[in-house]
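What's in target-v7.txt: compact mmCIF, C-alpha atoms
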```txt
# COMPACT_ATOMS: atom_id res chain seq x y z
CA MET B 1051 -2.58 29.57 -192.26
CA ALA B 1052 -2.99 32.81 -190.37
CA SER B 1053 -0.97 31.66 -187.36
CA PHE B 1054 1.46 28.90 -186.45
CA ASP B 1055 -0.74 27.49 -183.65
CA ARG B 1056 -2.87 24.49 -184.44
CA ALA B 1057 -5.68 25.59 -182.13
CA SER B 1058 -7.89 28.50 -183.13
CA PRO B 1059 -7.43 31.20 -180.44
CA ALA B 1060 -10.95 32.61 -180.87
CA LEU B 1061 -12.64 29.20 -180.85
CA LYS B 1062 -10.63 28.17 -177.82
CA GLU B 1063 -11.70 31.30 -175.93
CA ILE B 1064 -15.39 30.71 -176.65
CA LEU B 1065 -15.30 27.04 -175.64
CA LEU B 1066 -13.45 27.86 -172.41
CA ARG B 1067 -16.01 30.53 -171.58
CA ILE B 1068 -18.87 28.04 -172.05
CA TYR B 1069 -17.06 25.34 -170.08
CA SER B 1070 -16.08 27.55 -167.11
CA ALA B 1071 -19.37 29.48 -166.85
CA GLU B 1072 -20.88 29.32 -163.38
CA LYS B 1073 -24.40 29.63 -164.75
CA PRO B 1074 -25.69 28.07 -167.99
CA ILE B 1075 -25.43 30.54 -170.88
CA GLU B 1076 -27.11 30.70 -174.25
CA VAL B 1077 -24.62 30.83 -177.12
CA ASP B 1078 -25.34 31.03 -180.85
CA HIS B 1079 -22.20 32.44 -182.40
CA HIS B 1080 -20.70 32.50 -185.91
CA LEU B 1081 -16.93 32.80 -186.12
CA TYR B 1082 -14.95 33.58 -189.29
CA GLU B 1083 -11.20 33.14 -189.70
CA PHE B 1084 -8.54 33.53 -192.35
CA GLY B 1085 -8.80 31.18 -195.33
CA SER B 1086 -12.63 31.16 -195.60
CA VAL B 1087 -12.98 29.14 -192.38
CA GLU B 1088 -16.32 29.41 -190.58
CA TYR B 1089 -17.37 28.03 -187.18
CA HIS B 1090 -20.85 27.88 -185.67
CA ILE B 1091 -21.01 27.35 -181.90
CA LYS B 1092 -24.39 26.71 -180.32
CA SER B 1093 -25.09 26.00 -176.67
CA SER B 1094 -28.47 25.96 -174.93
CA ALA B 1095 -29.09 27.03 -171.35
CA SER B 1096 -31.58 24.18 -170.96
CA ASP B 1097 -28.84 21.62 -171.70
CA PRO B 1098 -25.53 23.30 -170.78
CA GLN B 1099 -23.45 20.11 -170.91
CA LEU B 1100 -23.88 19.72 -174.69
CA THR B 1101 -22.41 22.15 -177.20
CA TYR B 1102 -22.68 21.81 -180.98
CA LEU B 1103 -19.72 22.86 -183.11
CA SER B 1104 -20.02 23.04 -186.90
CA ILE B 1105 -17.11 23.84 -189.21
CA SER B 1106 -16.82 24.83 -192.84
CA THR B 1107 -13.31 24.87 -194.27
CA PRO B 1108 -11.87 24.83 -197.81
CA LEU B 1109 -11.03 21.31 -198.89
CA LEU B 1110 -7.88 20.42 -200.77
CA THR B 1111 -8.61 19.44 -204.34
CA GLN B 1112 -7.83 15.70 -204.16
CA GLY B 1113 -9.16 12.65 -202.38
CA VAL B 1114 -12.43 10.78 -202.18
CA LEU B 1115 -15.15 12.93 -200.57
CA LEU B 1116 -18.38 11.68 -199.04
CA SER B 1117 -21.72 13.44 -199.09
CA TYR B 1118 -20.76 15.55 -196.06
CA GLY B 1119 -17.44 16.48 -197.66
CA LEU B 1120 -14.78 14.52 -195.73
CA SER B 1121 -13.03 11.23 -196.46
CA PRO B 1122 -13.07 8.26 -194.05
CA TYR B 1123 -9.41 8.87 -193.20
CA THR B 1124 -10.18 12.44 -192.15
CA ILE B 1125 -13.20 11.30 -190.11
CA GLN B 1126 -11.02 8.79 -188.29
CA MET B 1127 -8.42 11.46 -187.51
CA VAL B 1128 -11.14 13.72 -186.08
CA ARG B 1129 -12.47 10.97 -183.84
CA GLU B 1130 -8.99 10.37 -182.43
CA ILE B 1131 -8.83 13.91 -181.05
CA SER B 1132 -10.91 13.06 -178.00
CA SER B 1133 -13.32 10.17 -178.48
CA ASP B 1134 -14.91 10.60 -175.04
CA VAL B 1135 -15.72 14.29 -175.42
CA LEU B 1136 -16.77 14.72 -179.06
CA GLU B 1137 -19.17 12.83 -181.29
CA ILE B 1138 -19.72 13.34 -185.02
CA VAL B 1139 -23.29 14.25 -185.91
CA GLU B 1140 -24.56 12.87 -189.21
CA PRO B 1141 -25.66 14.53 -191.36
CA ALA B 1142 -23.77 17.75 -190.73
CA LYS B 1143 -25.57 21.07 -190.46
CA GLU B 1144 -26.49 22.56 -193.81
CA GLY B 1145 -23.65 24.63 -195.22
CA TYR B 1146 -20.93 22.92 -193.15
CA GLN B 1147 -18.71 19.90 -193.77
CA LEU B 1148 -18.69 18.64 -190.18
CA THR B 1149 -20.81 18.97 -187.02
CA LEU B 1150 -19.59 17.82 -183.60
CA ARG B 1151 -21.48 17.27 -180.36
CA LEU B 1152 -19.28 18.19 -177.39
CA ASP B 1153 -20.07 16.73 -173.96
CA PHE B 1154 -18.41 19.02 -171.42
CA SER B 1155 -19.43 16.75 -168.55
CA LYS B 1156 -16.78 14.22 -169.67
CA ILE B 1157 -13.94 16.76 -169.66
CA PRO B 1158 -11.73 16.18 -166.58
CA ARG B 1159 -11.30 19.07 -164.18
CA GLY B 1160 -7.99 20.82 -163.63
CA LYS B 1161 -5.16 21.30 -166.09
CA ASP B 1162 -6.36 18.45 -168.31
CA SER B 1163 -9.49 20.44 -169.19
CA LEU B 1164 -7.41 23.12 -170.91
CA LYS B 1165 -5.56 20.45 -172.88
CA VAL B 1166 -8.80 18.83 -174.10
CA VAL B 1167 -10.36 22.16 -175.12
CA THR B 1168 -7.17 23.07 -176.97
CA GLU B 1169 -7.27 19.79 -178.90
CA VAL B 1170 -10.90 20.35 -179.85
CA SER B 1171 -10.05 23.90 -180.99
CA SER B 1172 -7.49 22.44 -183.42
CA ILE B 1173 -10.19 20.65 -185.43
CA GLN B 1174 -9.54 22.71 -188.58
CA ALA B 1175 -5.80 21.96 -188.48
CA VAL B 1176 -6.54 18.24 -188.06
CA ILE B 1177 -8.86 18.23 -191.09
CA LEU B 1178 -6.38 20.07 -193.28
CA SER B 1179 -3.38 17.97 -192.18
CA SER B 1180 -5.23 14.69 -192.62
CA GLN B 1181 -6.15 15.57 -196.20
CA LEU B 1182 -2.52 16.24 -197.10
CA LYS B 1183 -1.36 13.09 -195.31
CA GLU B 1184 -3.88 11.03 -197.26
CA MET B 1185 -2.66 12.48 -200.56
CA LEU B 1186 0.96 11.75 -199.79
CA GLN B 1187 0.17 8.17 -198.82
CA ASN B 1188 -2.28 7.28 -201.61
CA VAL B 1189 -0.47 8.40 -204.78
CA ASN B 1190 -0.38 5.26 -206.94
CA SER B 1191 1.34 4.38 -210.18
CA TRP B 1192 -1.71 5.39 -212.27
CA ASP B 1193 -0.77 9.02 -211.58
CA THR B 1194 2.26 8.68 -213.84
CA SER B 1195 2.39 9.68 -217.49
CA GLN B 1196 5.41 9.16 -219.72
CA GLY B 1197 7.54 8.07 -216.80
CA MET B 1198 6.91 11.21 -214.71
CA TYR B 1199 4.52 11.74 -211.80
CA LYS B 1200 1.82 14.32 -212.29
CA PRO B 1201 1.93 17.31 -209.91
CA ILE B 1202 -0.87 17.48 -207.35
CA LYS B 1203 -2.16 21.03 -207.00
CA LEU B 1204 -3.26 21.83 -203.45
CA VAL B 1205 -5.39 24.92 -202.89
CA TYR B 1206 -5.91 25.96 -199.27
CA HIS B 1207 -6.34 29.63 -200.16
CA PRO B 1208 -7.17 30.78 -203.74
CA ARG B 1209 -4.08 33.01 -203.83
CA GLU B 1210 -1.75 30.46 -202.21
CA PRO B 1211 -1.71 27.17 -204.16
CA PHE B 1212 1.25 24.83 -204.02
CA TYR B 1213 2.22 21.56 -205.70
CA VAL B 1214 3.27 18.17 -204.43
CA ILE B 1215 5.07 15.79 -206.80
CA ARG B 1216 5.70 12.25 -205.64
CA GLN B 1217 8.82 10.65 -207.15
CA PRO B 1218 10.36 7.19 -206.63
CA LYS B 1219 12.81 8.30 -203.93
CA LYS B 1220 11.46 11.61 -202.73
CA ILE B 1221 8.52 14.00 -202.60
CA VAL B 1222 8.97 17.48 -204.08
CA ALA B 1223 6.88 20.37 -202.72
CA VAL B 1224 6.90 23.49 -204.92
CA PHE B 1225 5.58 26.87 -203.73
CA PRO B 1226 4.93 29.66 -206.29
CA MET B 1227 5.60 32.89 -204.41
CA ARG B 1228 3.60 36.05 -205.09
CA PHE B 1229 3.86 39.44 -203.39
CA LYS B 1230 1.98 42.71 -203.80
CA GLU B 1231 4.82 45.11 -202.93
CA TYR B 1232 8.14 45.24 -204.76
CA SER B 1233 9.97 45.75 -201.45
CA ASP B 1234 8.49 42.46 -200.21
CA VAL B 1235 9.89 40.71 -203.30
CA ILE B 1236 13.40 41.97 -202.49
CA ILE B 1237 13.18 40.89 -198.84
CA ALA B 1238 11.74 37.46 -199.73
CA THR B 1239 14.35 36.83 -202.46
CA SER B 1240 17.15 37.56 -200.00
CA PHE B 1241 15.50 35.24 -197.47
CA PHE B 1242 15.20 32.39 -199.99
CA GLN B 1243 18.86 32.69 -200.99
CA GLU B 1244 19.92 32.64 -197.35
CA LEU B 1245 17.65 29.66 -196.73
CA MET B 1246 19.42 27.73 -199.48
CA GLU B 1247 22.85 28.57 -198.05
CA VAL B 1248 21.86 27.55 -194.53
CA GLY B 1249 20.17 24.36 -195.75
CA SER B 1250 23.33 23.27 -197.57
CA SER B 1251 25.47 23.48 -194.41
CA GLU B 1252 26.43 20.42 -192.37
CA LYS B 1253 24.49 21.61 -189.34
CA TRP B 1254 21.18 21.29 -191.21
CA ALA B 1255 22.03 18.23 -193.28
CA LYS B 1256 19.01 16.33 -191.93
CA ALA B 1257 16.54 19.04 -192.98
CA PRO B 1258 14.82 18.81 -196.38
CA PRO B 1259 17.03 20.47 -199.04
CA CYS B 1260 15.65 23.78 -200.26
CA SER B 1261 16.09 25.39 -203.68
CA TRP B 1262 14.86 28.66 -205.16
CA SER B 1263 14.55 29.59 -208.82
CA PRO B 1264 13.01 32.60 -210.60
CA ILE B 1265 11.60 30.25 -213.27
CA PRO B 1266 9.28 27.24 -212.85
CA PRO B 1267 11.02 23.92 -212.12
CA PRO B 1268 10.84 21.13 -214.75
CA GLU B 1269 8.29 19.21 -212.65
CA LEU B 1270 5.63 21.88 -213.36
CA ARG B 1271 5.78 21.68 -217.15
CA GLY B 1272 2.30 21.63 -218.64
CA GLU B 1273 0.61 23.49 -215.75
CA PRO B 1274 -1.64 26.50 -216.50
CA PHE B 1275 0.21 29.73 -217.20
CA GLU B 1276 -1.73 31.73 -214.60
CA ASP B 1277 -0.52 29.34 -211.89
CA LEU B 1278 3.12 29.80 -212.92
CA SER B 1279 3.12 33.60 -213.28
CA THR B 1280 4.86 34.86 -210.16
CA ASN B 1281 7.11 37.74 -209.10
CA GLY B 1282 8.86 35.93 -206.25
CA GLY B 1283 10.03 32.78 -208.01
CA PHE B 1284 9.53 29.17 -206.93
CA VAL B 1285 10.67 27.52 -203.69
CA SER B 1286 11.11 23.73 -203.72
CA PHE B 1287 11.68 21.26 -200.88
CA ASP B 1288 12.94 17.71 -201.45
CA ILE B 1289 11.28 15.49 -198.83
CA SER B 1290 12.76 12.03 -198.48
CA SER B 1291 11.21 8.95 -196.89
CA ARG B 1292 12.75 9.64 -193.47
CA HIS B 1293 10.87 12.97 -193.30
CA VAL B 1294 7.44 11.27 -193.53
CA GLU B 1295 7.95 8.29 -191.23
CA GLY B 1296 6.12 8.01 -187.92
CA LYS B 1297 5.64 11.25 -186.01
CA ARG B 1298 7.75 13.17 -188.52
CA LEU B 1299 4.92 12.99 -191.04
CA ASP B 1300 2.68 15.22 -188.94
CA LYS B 1301 5.46 17.75 -188.41
CA THR B 1302 6.39 17.80 -192.10
CA VAL B 1303 2.79 18.24 -193.21
CA TRP B 1304 2.23 21.08 -190.76
CA SER B 1305 5.44 22.83 -191.91
CA LEU B 1306 4.32 22.63 -195.54
CA LEU B 1307 0.88 24.05 -194.74
CA ASN B 1308 2.42 26.95 -192.82
CA PHE B 1309 5.22 27.83 -195.24
CA TYR B 1310 3.31 30.72 -196.83
CA ALA B 1311 2.42 32.11 -193.40
CA TYR B 1312 6.03 31.78 -192.24
CA VAL B 1313 7.38 33.67 -195.28
CA LYS B 1314 4.83 36.46 -194.84
CA HIS B 1315 5.64 36.67 -191.15
CA HIS B 1316 9.37 36.94 -191.91
CA VAL B 1317 8.83 39.63 -194.57
CA LYS B 1318 6.59 41.64 -192.26
CA CYS B 1319 9.05 41.43 -189.36
CA THR B 1320 11.99 42.34 -191.60
CA ARG B 1321 10.15 45.35 -193.00
CA GLY B 1322 9.33 46.49 -189.48
CA PHE B 1323 12.94 46.02 -188.39
CA ILE B 1324 14.21 48.13 -191.31
CA GLN B 1325 11.71 50.87 -190.55
CA ARG B 1326 12.71 50.92 -186.86
CA ARG B 1327 16.39 51.16 -187.79
CA MET B 1328 15.69 54.03 -190.17
CA ARG B 1329 13.63 55.80 -187.51
CA ARG B 1330 16.38 55.39 -184.92
CA ARG B 1331 18.98 56.62 -187.39
CA LEU B 1332 16.88 59.69 -188.11
CA GLU B 1333 16.46 60.37 -184.39
CA SER B 1334 20.22 60.10 -183.85
CA LEU B 1335 20.90 62.56 -186.68
CA VAL B 1336 18.36 65.02 -185.27
CA GLU B 1337 19.99 64.69 -181.86
CA VAL B 1338 23.42 65.48 -183.34
CA LEU B 1339 22.05 68.58 -185.05
CA GLN B 1340 20.38 69.74 -181.84
CA ASN B 1341 23.57 69.26 -179.84
CA SER B 1342 25.59 71.21 -182.41
CA SER B 1343 23.09 74.10 -182.29
CA LEU B 1344 23.30 74.17 -178.49
CA LYS B 1345 27.09 74.34 -178.63
CA GLU B 1346 26.94 77.26 -181.06
CA ASP B 1347 24.56 79.14 -178.73
CA GLY B 1348 27.01 78.63 -175.85
CA HIS B 1349 29.85 80.26 -177.80
CA ILE B 1350 27.95 83.32 -179.06
CA LYS B 1351 29.84 85.71 -176.77
CA LYS B 1352 33.22 84.35 -177.82
CA VAL B 1353 32.61 84.83 -181.50
CA GLN B 1354 30.69 88.11 -181.25
CA GLY B 1355 33.68 90.21 -182.37
CA TRP B 1356 34.30 87.91 -185.32
CA ARG B 1357 30.67 88.21 -186.35
CA TYR B 1358 30.98 92.07 -186.17
CA MET B 1359 34.01 92.01 -188.48
CA LYS B 1360 32.11 89.69 -190.80
CA LYS B 1361 29.28 92.22 -190.96
CA LEU B 1362 31.79 95.00 -191.79
CA VAL B 1363 33.24 92.93 -194.58
CA ARG B 1364 29.77 92.37 -195.92
CA LEU B 1365 29.03 96.14 -195.74
CA SER B 1366 32.28 97.02 -197.55
CA SER B 1367 31.53 94.55 -200.30
CA LYS B 1368 28.03 96.02 -200.63
CA SER B 1369 29.47 99.55 -200.89
CA LYS B 1370 31.80 98.45 -203.70
CA ILE B 1371 28.87 97.01 -205.60
CA LEU B 1372 26.93 100.26 -205.10
CA LYS B 1373 29.84 102.37 -206.42
CA ARG B 1374 30.17 100.16 -209.48
CA ARG B 1375 26.48 100.58 -210.25
CA CYS B 1376 26.77 104.38 -209.85
CA ARG B 1377 29.65 104.50 -212.34
CA ASP B 1378 27.69 102.52 -214.86
CA PHE B 1379 24.71 104.84 -214.44
CA ALA B 1380 26.96 107.91 -214.93
CA ARG B 1381 28.33 106.45 -218.15
CA LYS B 1382 24.83 106.01 -219.48
CA ILE B 1383 23.99 109.65 -218.71
CA LYS B 1384 27.12 110.88 -220.50
CA ARG B 1385 26.17 108.88 -223.57
CA ILE B 1386 22.79 110.55 -223.60
CA ARG B 1387 24.37 114.06 -223.45
CA PHE B 1388 26.56 113.49 -226.60
CA ARG B 1389 25.54 115.34 -229.81
CA ILE B 1390 23.22 113.58 -232.12
CA LYS B 1391 24.98 112.30 -235.23
CA ILE B 1392 23.36 113.11 -238.62
CA HIS B 1393 24.43 111.09 -241.65
CA GLY B 1394 25.96 113.40 -244.43
CA PHE B 1395 26.42 116.37 -242.12
CA GLY B 1396 30.21 115.91 -242.04
CA HIS B 1397 30.48 116.24 -245.85
CA PHE B 1398 28.29 119.38 -245.79
CA ARG B 1399 30.45 120.90 -243.07
CA ARG B 1400 33.73 120.28 -244.94
CA ARG B 1401 32.38 121.86 -248.13
CA TRP B 1402 30.44 124.93 -246.95
CA LEU B 1403 31.55 125.64 -243.42
CA THR B 1404 35.32 125.50 -243.84
CA MET B 1405 37.37 128.56 -242.95
CA PRO B 1406 39.50 130.05 -245.85
CA LYS B 1407 43.27 129.73 -245.61
CA PHE B 1408 45.38 132.90 -245.73
CA SER B 1409 49.01 132.97 -246.85
CA SER B 1410 51.52 135.64 -245.68
CA SER B 1411 54.89 136.61 -247.04
CA MET B 1412 56.10 137.33 -243.57
CA GLY B 1413 57.74 134.49 -241.76
CA TYR B 1414 57.65 133.69 -238.18
CA THR B 1415 60.58 132.69 -235.97
CA LYS B 1416 60.08 130.53 -233.00
CA LEU B 1417 61.26 132.22 -229.85
CA GLU B 1418 63.30 130.22 -227.44
```
Would it be possible to restate this file's structure as structure tokens?
Amino acid sequence: MASFDRASPALKEILLRIYSAEKPIEVDHHLYEFGSVEYHIKSSASDPQLTYLSISTPLLTQGVLLSYGLSPYTIQMVREISSDVLEIVEPAKEGYQLTLRLDFSKIPRGKDSLKVVTEVSSIQAVILSSQLKEMLQNVNSWDTSQGMYKPIKLVYHPREPFYVIRQPKKIVAVFPMRFKEYSDVIIATSFFQELMEVGSSEKWAKAPPCSWSPIPPPELRGEPFEDLSTNGGFVSFDISSRHVEGKRLDKTVWSLLNFYAYVKHHVKCTRGFIQRRMRRRLESLVEVLQNSSLKEDGHIKKVQGWRYMKKLVRLSSKSKILKRRCRDFARKIKRIRFRIKIHGFGHFRRRWLTMPKFSSSMGYTKLE
């Protein structure tokens, strides 16, 4: 479901506009909602008290369907919404499962009118809930094979199927979880683990026990592989008999139908919360840097002398580097000015250019 409200906000707005119009208006409007739901609202100015509402909604894949697509149990649940105001038109308009004739003249004035219009706007939720209720109540022993109950695959949206397995003492609802983003998988996994911890506490002992597993539970053995390939694991709820008795049945069914929407809503809110925290943290860091720069500007005069000495130190170090480079350059020049060495010239010099030695009979005495 796209929202947690039973009544369609857009359908409710259109019906209220037709009901509260001072002058008769001509309406022929097609309305599309999440989950391949389509409404057709038609009202004629010549007969403003009557409005025709047709609805086309995906049907769950079990149950006995009539020619116009709904079981007798679902038809009875629709009639109980407001028997004085709405009437089922047979056959339904082509392309729709159900067509209703609404008589606005029978809607009481005042606050009760808003209540009646809201109940009529929840027609799609009533159809969907009644189908699931009928499945939970009409699972007989012929659905068993080898001592185990066969899982019932319920498809409200093609990408969001879930399974219901009826057992002797409980009903198990299994939700395969799939997410597009890897960050959503991390957030959802953390949420499922926390949900298990909270569900096991004494405070929530009356709530249906919840379990999460990265692999398919044993109850889904034999199901198609494409239905069991997930990246978010499998969430299971054990629903006992006290959760489906009396008025609790309607609440339990509605919670099961909205579980996917609730998880997506939680993941979206958590992602937004993390992004806001990161943005605030970044703003605080920028503020700290700005404050530190302002403090440094206020102390420029105090540290001006220190900065001058720092510049002198830098200049002296640069002068040392320059002197070192000059010495290296001078050494290179001196090497260039040395005589060129010729191999073999030393032997030639010793043989032909040596001075002759003279000997003398006279001796020499060193003077002191």
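Shortest atom-to-atom contact with Lys1073 in chain B among B:Arg1381, B:Tyr1310, B:Asp1234, B:Asp1097: B:Asp1097, counting all atoms listed in the file.
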Just the number, please: distance in Å from CA of Ile1091 in chain B to CA of Ser1305 in chain B, one decimal.
28.6 Å
Which residue gives the smallest distance to Gln1147 in chain B among B:Asp1288, B:Glu1088, B:Asp1162, B:Asp1134, with all atoms listed in the file counted?
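For Gln1147 in chain B, the nearest of the candidates is B:Glu1088.
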Kindly indicate which residue among B:Leu1299, B:Ser1290, B:Ser1093, B:Ala1071 lies nearest to Glu1184 in chain B, using only C-alpha atoms for the distances.
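Answer, going by the shortest atom-to-atom distance: B:Leu1299.
Rounded to one decimal, CA of Lys1183 in chain B and CA of Arg1292 in chain B lie 14.6 Å from each other.
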Proximity check range 1156-1243 of chain B to range 1252-1260 of chain B, 12 Å, nearest pairs one decimal Å, all atoms listed in the file, as CSV:
```
residue,atom,partner,partner_atom,distance
B:Lys1220,CA,B:Pro1258,CA,10.2
B:Ile1221,CA,B:Pro1258,CA,10.1
B:Val1222,CA,B:Pro1258,CA,9.8
B:Ala1223,CA,B:Cys1260,CA,9.7
B:Val1224,CA,B:Cys1260,CA,9.9
B:Phe1225,CA,B:Cys1260,CA,11.1
B:Phe1241,CA,B:Cys1260,CA,11.8
B:Phe1242,CA,B:Cys1260,CA,8.6
B:Gln1243,CA,B:Cys1260,CA,9.5
```
Here is a test: counting all atoms listed in the file, which residue of B:Val1205, B:Leu1245, B:Leu1270, B:Leu1150 is nearest to Arg1129 in chain B?
B:Leu1150
Pick the closest to Asp1153 in chain B from B:Thr1302, B:Gln1099, B:Ser1132, B:Thr1320: which is it, counting all atoms listed in the file?
B:Gln1099
Do you know which residues are at most 12 Å from Ile1125 in chain B counting all atoms listed in the file, after dropping those on the same chain fewer than 5 positions away, and could you put them as a PyMOL selection string?
chain B and resi 1115-1116+1118-1120+1130-1131+1133+1137-1140+1147-1150+1173+1176-1178+1180-1181+1184
Work out how far apart CA of Ser1263 in chain B and CA of Val1285 in chain B are and give it in Å to one decimal.
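According to the coordinates, CA of Ser1263 in chain B and CA of Val1285 in chain B are separated by 6.8 Å.
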Once 8 Å is added on each side, what are the centre and the three edge lengths, in Å to one decimal, of the axis-aligned box enclosing the listed atoms of range 1338-1342 of chain B? Present them as lines of an AutoDock Vina configuration file.
```
center_x = 23.0
center_y = 68.3
center_z = -182.4
size_x = 21.2
size_y = 21.7
size_z = 21.2
```
